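Asks: Structure incoming, see below.
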Amino acid sequence: MSVWNSIIGQQRIVDQLSAIAAGDMRAVAQSWLICGPPGSGRSNIARAFAAALESPDHGLGVEPTRAASQVLAGTHPDVTILATDKVTIGIDEVRGLIETAEQTPSTAPWRIIIIEDVDRMLERTTNVLLKEIEEPSPRTIWLLCAPSAQDVLPTIRSRTRIVNLAVPSASAVADFLVAQDHIERKVAARAARLAEGHIGVARLYANNDQVLADRDELIVGVLGLERASDAVLLAANLIENAQSQAQQDVQRQAEEREVQFRRLNGLGAKDRIPPKLRGAFNAIGKKDVLKRQSTRRSRDILDRALNSVASVYRDVAILQNNAEDAAGLINLENRTPITELSAHLTRVDAVQCLEEIAVARRRLAGNGNPALVFEALFCALMAR
């Protein structure tokens with residue numbers, strides 16, 4: 001399989017980057033900003049591009065070379081990937097990347113630094129990165145990822161080559177789920193539709209019945225809001241589900257990292273950890289680290305819930321504007337109550353509901369109390 005096989009619905013960009021990787025090394029831009037909405041595959045694009053740049057066959061082979069496979073697996077010595085589990089990327093982390101970026105690559109043509117979610121940097125942290133982006137070391141390439149160019153400082157935008165990704169179509173995502181995960185076509189199609197082009201979420205819906213059931217319950221709850229008590233109960237249930245799922249995800253990931261740690265260090269499942277490795281091993285399961293990761297994961301799940309709630313009012317707007325044939329409904333299973341809601345709300349009301357959801361998103365991003373944020377949101381939606 002090619003280094004580009006995991007990229008869905010971005011053929012124009014794949015063709016462009018593939019040609020660049022196979023072209024004159026001296027003509028390659030050294031600072032890139034890869035932009036796309038959540039789930040568009042921007043991090044996967046960055047890894048695939050890095051793999052093509054480092055591979056002797058430029059990623060054009062039917063099967064990835066050893067170097068390309070290492071990049072895709074995150075184990076290549078000359079490719080560093082920063083994927084934070086915190087709300088913001090710390091200044092010390094960026095200083096560490098800069099030190100790495102100034103080193104000559106050990107085995108490959110380039111030393112490549114990938115920063116996922118560069119939009120999570122505070123301004124002072126971004127300013128530390130600025131000089132390196134502007135004047136990279138001769139054999140260093142920076143690949144920055146963000147939802148949009150507007151999510152990073154203008155000084156960064158102006159010094160990078162920007163790549164804008166499209167939202168993959170539901171059919172392309174469904175095809176991917178069928179081919180890669182061997183999901184039944186009907187299940188894959190529904191998961192892709194509900195995920196609205198987000199590949200990771202579609203995969204989650206297709207493989208996790210509980211997560212899909214939680215989404216169904218949320219949509220029914222939003223459509224059934226009548227009293228303030230309904231809003232409070234729906235918010236409490238949503239928060240509880242998010243926290244439970246976050247804790248399970250973080251614990252599973254910690255267990256996987258422990259298994260990988262043992263494997264990389266030649267240790268069996270029941271072997272004692274040598275004293276010199278004990279500190280690094282114990283850090284994997286530190287309570288404060290797991291708590292921070294769980295908080296971040298919970299916020300991501302709640303953000304996904306906001307997308308689900310917004311899909312209801314998106315469907316309302318589609319029906320109000322007689323655009324179902326052109327755009328289609330996301331929540332087909334709830335068509336009857338959504339049709340009733342579209343008759344009850346004015347067009348202005350529907351737009352205002354979407355604005356209330358945007359306000360809730362900003363409050364969450366500003367570290368607002370999740371329970372209060374969702375109680376306020378559901379009460380506001382109910383008042384329309």
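The chains in the structure tokens are called A, B, ... from first to last as shown; in each chain the residues are counted from 1, and the ligands are counted from 1 in the order shown.
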Skipping near chain neighbours, those fewer than 2 positions away, what residues fall within 9 Å of segment 35-46 of chain A using only C-alpha atoms, listed as a PDB file with N, CA and C atoms, in the first residue's frame?

Replies:
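Saved file around-v5.pdb follows:
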```
ATOM      1  N   TRP A   4       0.240   7.149   0.670  1.00  0.00           N
ATOM      2  CA  TRP A   4      -0.920   8.030   0.578  1.00  0.00           C
ATOM      3  C   TRP A   4      -2.238   7.283   0.746  1.00  0.00           C
ATOM      4  N   SER A   6      -3.913   6.149   3.202  1.00  0.00           N
ATOM      5  CA  SER A   6      -4.813   6.513   4.306  1.00  0.00           C
ATOM      6  C   SER A   6      -5.462   7.879   4.100  1.00  0.00           C
ATOM      7  N   ILE A   7      -5.135   8.557   3.008  1.00  0.00           N
ATOM      8  CA  ILE A   7      -5.669   9.892   2.748  1.00  0.00           C
ATOM      9  C   ILE A   7      -6.970   9.760   1.963  1.00  0.00           C
ATOM     10  N   ILE A   8      -8.030  10.340   2.512  1.00  0.00           N
ATOM     11  CA  ILE A   8      -9.368  10.190   1.927  1.00  0.00           C
ATOM     12  C   ILE A   8      -9.885  11.522   1.390  1.00  0.00           C
ATOM     13  N   GLY A   9     -10.344  11.511   0.147  1.00  0.00           N
ATOM     14  CA  GLY A   9     -11.014  12.682  -0.425  1.00  0.00           C
ATOM     15  C   GLY A   9     -10.124  13.888  -0.663  1.00  0.00           C
ATOM     16  N   GLN A  10      -8.811  13.679  -0.839  1.00  0.00           N
ATOM     17  CA  GLN A  10      -7.884  14.803  -1.032  1.00  0.00           C
ATOM     18  C   GLN A  10      -6.979  14.548  -2.236  1.00  0.00           C
ATOM     19  N   ILE A  13      -4.656  17.383  -3.561  1.00  0.00           N
ATOM     20  CA  ILE A  13      -3.536  17.691  -2.676  1.00  0.00           C
ATOM     21  C   ILE A  13      -2.498  16.574  -2.726  1.00  0.00           C
ATOM     22  N   VAL A  14      -2.966  15.319  -2.755  1.00  0.00           N
ATOM     23  CA  VAL A  14      -2.037  14.184  -2.836  1.00  0.00           C
ATOM     24  C   VAL A  14      -1.190  14.282  -4.102  1.00  0.00           C
ATOM     25  N   LEU A  33       2.046  25.034   6.198  1.00  0.00           N
ATOM     26  CA  LEU A  33       0.889  25.094   7.090  1.00  0.00           C
ATOM     27  C   LEU A  33      -0.237  24.311   6.416  1.00  0.00           C
ATOM     28  N   ALA A  48       2.181  11.528   5.734  1.00  0.00           N
ATOM     29  CA  ALA A  48       2.389  10.935   4.411  1.00  0.00           C
ATOM     30  C   ALA A  48       3.379  11.764   3.590  1.00  0.00           C
ATOM     31  N   PHE A  49       3.268  13.075   3.662  1.00  0.00           N
ATOM     32  CA  PHE A  49       4.195  13.957   2.946  1.00  0.00           C
ATOM     33  C   PHE A  49       5.609  13.768   3.489  1.00  0.00           C
ATOM     34  N   ALA A  50       5.737  13.700   4.816  1.00  0.00           N
ATOM     35  CA  ALA A  50       7.050  13.465   5.432  1.00  0.00           C
ATOM     36  C   ALA A  50       7.620  12.128   4.973  1.00  0.00           C
ATOM     37  N   ALA A  51       6.762  11.104   4.913  1.00  0.00           N
ATOM     38  CA  ALA A  51       7.211   9.777   4.471  1.00  0.00           C
ATOM     39  C   ALA A  51       7.704   9.824   3.028  1.00  0.00           C
ATOM     40  N   LEU A  72       5.617   6.746   9.016  1.00  0.00           N
ATOM     41  CA  LEU A  72       4.186   6.541   9.246  1.00  0.00           C
ATOM     42  C   LEU A  72       3.915   5.956  10.629  1.00  0.00           C
ATOM     43  N   ILE A 114       6.934  17.873  12.666  1.00  0.00           N
ATOM     44  CA  ILE A 114       5.484  17.984  12.478  1.00  0.00           C
ATOM     45  C   ILE A 114       4.861  18.454  13.791  1.00  0.00           C
ATOM     46  N   ILE A 115       4.106  19.529  13.740  1.00  0.00           N
ATOM     47  CA  ILE A 115       3.369  19.994  14.918  1.00  0.00           C
ATOM     48  C   ILE A 115       1.878  19.905  14.617  1.00  0.00           C
ATOM     49  N   GLU A 116       1.211  18.957  15.255  1.00  0.00           N
ATOM     50  CA  GLU A 116      -0.242  18.873  15.137  1.00  0.00           C
ATOM     51  C   GLU A 116      -0.878  19.941  16.023  1.00  0.00           C
ATOM     52  N   ASP A 117      -1.987  20.497  15.590  1.00  0.00           N
ATOM     53  CA  ASP A 117      -2.737  21.483  16.387  1.00  0.00           C
ATOM     54  C   ASP A 117      -1.868  22.666  16.794  1.00  0.00           C
ATOM     55  N   LEU A 143       6.334  21.108   9.232  1.00  0.00           N
ATOM     56  CA  LEU A 143       4.968  20.850   8.774  1.00  0.00           C
ATOM     57  C   LEU A 143       4.025  21.157   9.931  1.00  0.00           C
ATOM     58  N   LEU A 144       3.335  22.282   9.843  1.00  0.00           N
ATOM     59  CA  LEU A 144       2.417  22.718  10.895  1.00  0.00           C
ATOM     60  C   LEU A 144       0.984  22.383  10.477  1.00  0.00           C
ATOM     61  N   CYS A 145       0.166  21.974  11.441  1.00  0.00           N
ATOM     62  CA  CYS A 145      -1.221  21.603  11.148  1.00  0.00           C
ATOM     63  C   CYS A 145      -2.180  22.443  11.984  1.00  0.00           C
ATOM     64  N   ALA A 146      -3.245  22.936  11.360  1.00  0.00           N
ATOM     65  CA  ALA A 146      -4.244  23.748  12.062  1.00  0.00           C
ATOM     66  C   ALA A 146      -5.572  23.638  11.329  1.00  0.00           C
ATOM     67  N   PRO A 147      -6.695  23.925  12.024  1.00  0.00           N
ATOM     68  CA  PRO A 147      -7.997  23.882  11.346  1.00  0.00           C
ATOM     69  C   PRO A 147      -8.093  24.836  10.167  1.00  0.00           C
ATOM     70  N   SER A 148      -7.532  26.041  10.313  1.00  0.00           N
ATOM     71  CA  SER A 148      -7.547  27.016   9.226  1.00  0.00           C
ATOM     72  C   SER A 148      -6.379  27.970   9.404  1.00  0.00           C
ATOM     73  N   ALA A 149      -6.046  28.683   8.333  1.00  0.00           N
ATOM     74  CA  ALA A 149      -4.946  29.646   8.413  1.00  0.00           C
ATOM     75  C   ALA A 149      -5.265  30.760   9.397  1.00  0.00           C
ATOM     76  N   ILE A 162       0.825  27.432   2.379  1.00  0.00           N
ATOM     77  CA  ILE A 162      -0.433  26.944   2.934  1.00  0.00           C
ATOM     78  C   ILE A 162      -1.067  25.910   2.017  1.00  0.00           C
ATOM     79  N   VAL A 163      -1.500  24.804   2.634  1.00  0.00           N
ATOM     80  CA  VAL A 163      -2.226  23.745   1.930  1.00  0.00           C
ATOM     81  C   VAL A 163      -3.607  23.645   2.563  1.00  0.00           C
ATOM     82  N   ASN A 164      -4.647  23.867   1.784  1.00  0.00           N
ATOM     83  CA  ASN A 164      -6.021  23.808   2.292  1.00  0.00           C
ATOM     84  C   ASN A 164      -6.690  22.512   1.868  1.00  0.00           C
ATOM     85  N   LEU A 165      -7.155  21.755   2.855  1.00  0.00           N
ATOM     86  CA  LEU A 165      -7.806  20.475   2.589  1.00  0.00           C
ATOM     87  C   LEU A 165      -9.320  20.646   2.498  1.00  0.00           C
ATOM     88  N   ALA A 166      -9.946  19.762   1.762  1.00  0.00           N
ATOM     89  CA  ALA A 166     -11.403  19.749   1.644  1.00  0.00           C
ATOM     90  C   ALA A 166     -11.985  18.807   2.694  1.00  0.00           C
ATOM     91  N   VAL A 167     -13.288  18.930   2.928  1.00  0.00           N
ATOM     92  CA  VAL A 167     -13.988  17.967   3.786  1.00  0.00           C
ATOM     93  C   VAL A 167     -14.305  16.742   2.932  1.00  0.00           C
ATOM     94  N   PRO A 168     -13.836  15.556   3.304  1.00  0.00           N
ATOM     95  CA  PRO A 168     -14.116  14.365   2.500  1.00  0.00           C
ATOM     96  C   PRO A 168     -15.617  14.116   2.392  1.00  0.00           C
ATOM     97  N   ALA A 195     -20.969  11.425  10.788  1.00  0.00           N
ATOM     98  CA  ALA A 195     -19.678  12.040  11.118  1.00  0.00           C
ATOM     99  C   ALA A 195     -19.422  13.314  10.319  1.00  0.00           C
ATOM    100  N   GLY A 197     -18.123  13.918   7.402  1.00  0.00           N
ATOM    101  CA  GLY A 197     -16.820  14.027   6.756  1.00  0.00           C
ATOM    102  C   GLY A 197     -15.630  13.857   7.677  1.00  0.00           C
ATOM    103  N   HIS A 198     -15.866  13.674   8.980  1.00  0.00           N
ATOM    104  CA  HIS A 198     -14.769  13.492   9.935  1.00  0.00           C
ATOM    105  C   HIS A 198     -14.403  12.007   9.955  1.00  0.00           C
ATOM    106  N   ILE A 199     -13.239  11.670   9.411  1.00  0.00           N
ATOM    107  CA  ILE A 199     -12.861  10.269   9.236  1.00  0.00           C
ATOM    108  C   ILE A 199     -12.733   9.555  10.582  1.00  0.00           C
ATOM    109  N   GLY A 200     -12.068  10.201  11.542  1.00  0.00           N
ATOM    110  CA  GLY A 200     -11.878   9.588  12.852  1.00  0.00           C
ATOM    111  C   GLY A 200     -13.191   9.322  13.567  1.00  0.00           C
ATOM    112  N   VAL A 201     -14.111  10.275  13.501  1.00  0.00           N
ATOM    113  CA  VAL A 201     -15.416  10.104  14.146  1.00  0.00           C
ATOM    114  C   VAL A 201     -16.219   9.017  13.433  1.00  0.00           C
ATOM    115  N   ALA A 202     -16.141   8.978  12.114  1.00  0.00           N
ATOM    116  CA  ALA A 202     -16.847   7.934  11.361  1.00  0.00           C
ATOM    117  C   ALA A 202     -16.346   6.560  11.775  1.00  0.00           C
TER     118      ALA A 202
END
```

Asks: Please report, as JSON, numbers by chain, each residue of segment 55-275 of chain A to which DSSP assigns strand (DSSP E) when run on this structure's backbone.

Replies: {"A": [79, 80, 81, 82, 111, 112, 113, 114, 115, 140, 141, 142, 143, 144, 145, 146, 161, 162, 163, 164]}

Asks: Go ahead and write the residues just picked, C-alpha atoms, as an mmCIF file, in the first residue's frame.

Replies:
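Saved the output as part_24.cif:
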```
data_model
loop_
_atom_site.group_PDB
_atom_site.id
_atom_site.type_symbol
_atom_site.label_atom_id
_atom_site.label_comp_id
_atom_site.auth_asym_id
_atom_site.auth_seq_id
_atom_site.Cartn_x
_atom_site.Cartn_y
_atom_site.Cartn_z
ATOM 1 C CA VAL A 79 11.050 12.921 11.908
ATOM 2 C CA THR A 80 9.736 14.441 15.125
ATOM 3 C CA ILE A 81 5.991 14.686 15.775
ATOM 4 C CA LEU A 82 4.469 16.879 18.484
ATOM 5 C CA ARG A 111 14.986 16.537 9.404
ATOM 6 C CA ILE A 112 11.230 17.035 9.542
ATOM 7 C CA ILE A 113 9.261 18.535 12.428
ATOM 8 C CA ILE A 114 5.484 17.984 12.478
ATOM 9 C CA ILE A 115 3.369 19.994 14.918
ATOM 10 C CA THR A 140 14.964 21.042 8.032
ATOM 11 C CA ILE A 141 11.298 21.087 7.029
ATOM 12 C CA TRP A 142 8.466 22.255 9.309
ATOM 13 C CA LEU A 143 4.968 20.850 8.774
ATOM 14 C CA LEU A 144 2.417 22.718 10.895
ATOM 15 C CA CYS A 145 -1.221 21.603 11.148
ATOM 16 C CA ALA A 146 -4.244 23.748 12.062
ATOM 17 C CA ARG A 161 3.240 27.594 2.227
ATOM 18 C CA ILE A 162 -0.433 26.944 2.934
ATOM 19 C CA VAL A 163 -2.226 23.745 1.930
ATOM 20 C CA ASN A 164 -6.021 23.808 2.292
#
```

Asks: Step one, run DSSP on the backbone; step two, keep only residues of segment 82-325 of chain A assigned to helix (DSSP H, G or I); then write them as an NGL selection string.

Replies: :A and (91-101 or 118-120 or 123-134 or 149-151 or 154-157 or 170-181 or 185-195 or 199-207 or 209-223 or 228-264 or 275-284 or 287-320 or 324-325)

Asks: Write a file of the selected residues as a compact mmCIF listing (two decimals), in the first residue's frame, keeping C-alpha atoms.

Replies:
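Result written to selection25.txt:
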```txt
# COMPACT_ATOMS: atom_id res chain seq x y z
CA ILE A 91 6.86 26.98 25.35
CA ASP A 92 9.43 24.46 26.62
CA GLU A 93 8.12 21.86 24.18
CA VAL A 94 8.65 24.28 21.30
CA ARG A 95 12.15 25.18 22.47
CA GLY A 96 12.95 21.46 22.49
CA LEU A 97 11.71 21.16 18.91
CA ILE A 98 13.86 24.08 17.83
CA GLU A 99 16.95 22.39 19.28
CA THR A 100 16.06 19.23 17.37
CA ALA A 101 15.38 21.19 14.16
CA VAL A 118 -0.34 24.41 16.12
CA ASP A 119 -3.40 26.57 16.85
CA ARG A 120 -3.10 25.41 20.48
CA GLU A 123 1.09 33.91 21.17
CA ARG A 124 4.32 34.04 23.17
CA THR A 125 4.98 30.38 22.31
CA THR A 126 4.33 31.02 18.63
CA ASN A 127 6.79 33.92 18.72
CA VAL A 128 9.52 31.53 19.92
CA LEU A 129 8.82 29.38 16.85
CA LEU A 130 8.68 32.30 14.42
CA LYS A 131 12.39 32.73 13.66
CA GLU A 132 12.85 29.03 12.92
CA ILE A 133 9.88 29.05 10.57
CA GLU A 134 11.22 32.12 8.83
CA ALA A 149 -4.95 29.65 8.41
CA GLN A 150 -6.95 32.14 10.49
CA ASP A 151 -6.29 30.00 13.59
CA PRO A 154 -0.46 36.27 10.62
CA THR A 155 3.31 36.22 11.12
CA ILE A 156 3.25 32.41 10.84
CA ARG A 157 0.80 32.40 7.91
CA ALA A 170 -19.62 10.85 3.02
CA SER A 171 -19.32 8.35 0.17
CA ALA A 172 -15.50 8.57 0.21
CA VAL A 173 -15.43 8.05 3.98
CA ALA A 174 -17.82 5.11 3.72
CA ASP A 175 -15.68 3.52 0.99
CA PHE A 176 -12.66 3.89 3.27
CA LEU A 177 -14.43 2.19 6.20
CA VAL A 178 -15.50 -0.70 4.00
CA ALA A 179 -12.05 -1.16 2.46
CA GLN A 180 -9.84 -0.56 5.50
CA ASP A 181 -11.97 -1.69 8.46
CA ARG A 185 -21.67 -1.05 3.75
CA LYS A 186 -24.93 0.00 5.45
CA VAL A 187 -23.19 0.62 8.78
CA ALA A 188 -20.33 2.47 7.07
CA ALA A 189 -22.71 4.71 5.14
CA ARG A 190 -24.61 5.70 8.28
CA ALA A 191 -21.41 6.30 10.27
CA ALA A 192 -19.98 8.48 7.48
CA ARG A 193 -23.19 10.50 7.21
CA LEU A 194 -23.39 11.17 10.94
CA ALA A 195 -19.68 12.04 11.12
CA ILE A 199 -12.86 10.27 9.24
CA GLY A 200 -11.88 9.59 12.85
CA VAL A 201 -15.42 10.10 14.15
CA ALA A 202 -16.85 7.93 11.36
CA ARG A 203 -14.46 5.17 12.36
CA LEU A 204 -15.53 5.57 15.98
CA TYR A 205 -19.25 5.37 15.13
CA ALA A 206 -18.71 2.34 12.91
CA ASN A 207 -16.72 0.42 15.52
CA ASP A 209 -21.92 0.82 19.37
CA GLN A 210 -21.98 2.64 22.73
CA VAL A 211 -20.63 5.89 21.30
CA LEU A 212 -23.20 5.74 18.51
CA ALA A 213 -25.96 5.04 21.05
CA ASP A 214 -24.83 8.03 23.11
CA ARG A 215 -25.12 10.24 20.02
CA ASP A 216 -28.60 8.92 19.24
CA GLU A 217 -29.65 9.62 22.84
CA LEU A 218 -28.28 13.16 22.64
CA ILE A 219 -30.19 13.96 19.43
CA VAL A 220 -33.44 12.57 20.84
CA GLY A 221 -32.85 14.56 24.04
CA VAL A 222 -32.31 17.83 22.17
CA LEU A 223 -35.44 17.31 20.08
CA ALA A 228 -35.63 23.44 32.33
CA SER A 229 -35.34 20.13 34.17
CA ASP A 230 -34.96 18.39 30.78
CA ALA A 231 -32.02 20.67 29.98
CA VAL A 232 -30.33 19.98 33.33
CA LEU A 233 -30.76 16.21 33.05
CA LEU A 234 -29.61 16.10 29.43
CA ALA A 235 -26.50 18.13 30.28
CA ALA A 236 -25.68 15.92 33.28
CA ASN A 237 -26.05 12.76 31.20
CA LEU A 238 -23.88 14.16 28.42
CA ILE A 239 -21.09 15.16 30.84
CA GLU A 240 -21.20 11.79 32.58
CA ASN A 241 -20.94 9.90 29.28
CA ALA A 242 -18.08 12.13 28.11
CA GLN A 243 -16.09 11.65 31.30
CA SER A 244 -16.65 7.89 31.28
CA GLN A 245 -15.57 7.53 27.67
CA ALA A 246 -12.55 9.80 28.22
CA GLN A 247 -11.35 7.78 31.20
CA GLN A 248 -11.74 4.51 29.30
CA ASP A 249 -9.87 5.89 26.27
CA VAL A 250 -7.00 7.29 28.34
CA GLN A 251 -6.65 4.10 30.38
CA ARG A 252 -6.61 1.98 27.23
CA GLN A 253 -3.97 4.21 25.65
CA ALA A 254 -1.83 4.03 28.80
CA GLU A 255 -2.02 0.24 28.74
CA GLU A 256 -1.03 0.22 25.06
CA ARG A 257 1.94 2.50 25.79
CA GLU A 258 3.05 0.20 28.61
CA VAL A 259 2.93 -2.80 26.26
CA GLN A 260 4.90 -0.87 23.64
CA PHE A 261 7.45 0.26 26.28
CA ARG A 262 8.05 -3.35 27.30
CA ARG A 263 8.36 -4.48 23.69
CA LEU A 264 10.82 -1.73 22.74
CA PRO A 275 15.67 0.32 38.03
CA LYS A 276 17.14 2.51 35.26
CA LEU A 277 13.89 2.27 33.26
CA ARG A 278 11.47 2.49 36.16
CA GLY A 279 11.11 6.28 36.08
CA ALA A 280 10.19 6.36 32.40
CA PHE A 281 7.80 3.41 32.81
CA ASN A 282 6.04 4.90 35.85
CA ALA A 283 5.59 8.22 34.04
CA ILE A 284 3.23 6.49 31.58
CA LYS A 287 -2.16 10.06 37.95
CA ASP A 288 -1.67 13.75 37.14
CA VAL A 289 -0.74 12.90 33.54
CA LEU A 290 -3.75 10.60 33.11
CA LYS A 291 -6.02 13.21 34.68
CA ARG A 292 -4.78 15.90 32.29
CA GLN A 293 -5.20 13.58 29.31
CA SER A 294 -8.69 12.61 30.48
CA THR A 295 -9.69 16.27 30.78
CA ARG A 296 -8.44 17.02 27.27
CA ARG A 297 -10.16 13.92 25.87
CA SER A 298 -13.41 14.82 27.63
CA ARG A 299 -13.32 18.29 26.07
CA ASP A 300 -12.80 16.74 22.63
CA ILE A 301 -15.82 14.47 23.16
CA LEU A 302 -17.96 17.44 24.26
CA ASP A 303 -16.83 19.37 21.20
CA ARG A 304 -18.01 16.45 19.09
CA ALA A 305 -21.34 16.59 20.95
CA LEU A 306 -21.69 20.25 19.94
CA ASN A 307 -21.22 19.22 16.31
CA SER A 308 -24.00 16.66 16.74
CA VAL A 309 -26.34 19.25 18.27
CA ALA A 310 -25.49 21.70 15.48
CA SER A 311 -26.39 19.04 12.91
CA VAL A 312 -30.01 19.17 14.14
CA TYR A 313 -30.32 22.88 13.32
CA ARG A 314 -28.38 22.43 10.11
CA ASP A 315 -31.05 19.90 9.10
CA VAL A 316 -33.77 22.33 10.18
CA ALA A 317 -32.28 25.01 7.92
CA ILE A 318 -32.06 22.52 5.03
CA LEU A 319 -35.79 21.74 5.33
CA GLN A 320 -36.76 25.39 5.76
CA GLU A 324 -32.92 18.46 1.01
CA ASP A 325 -32.41 17.17 -2.52
```
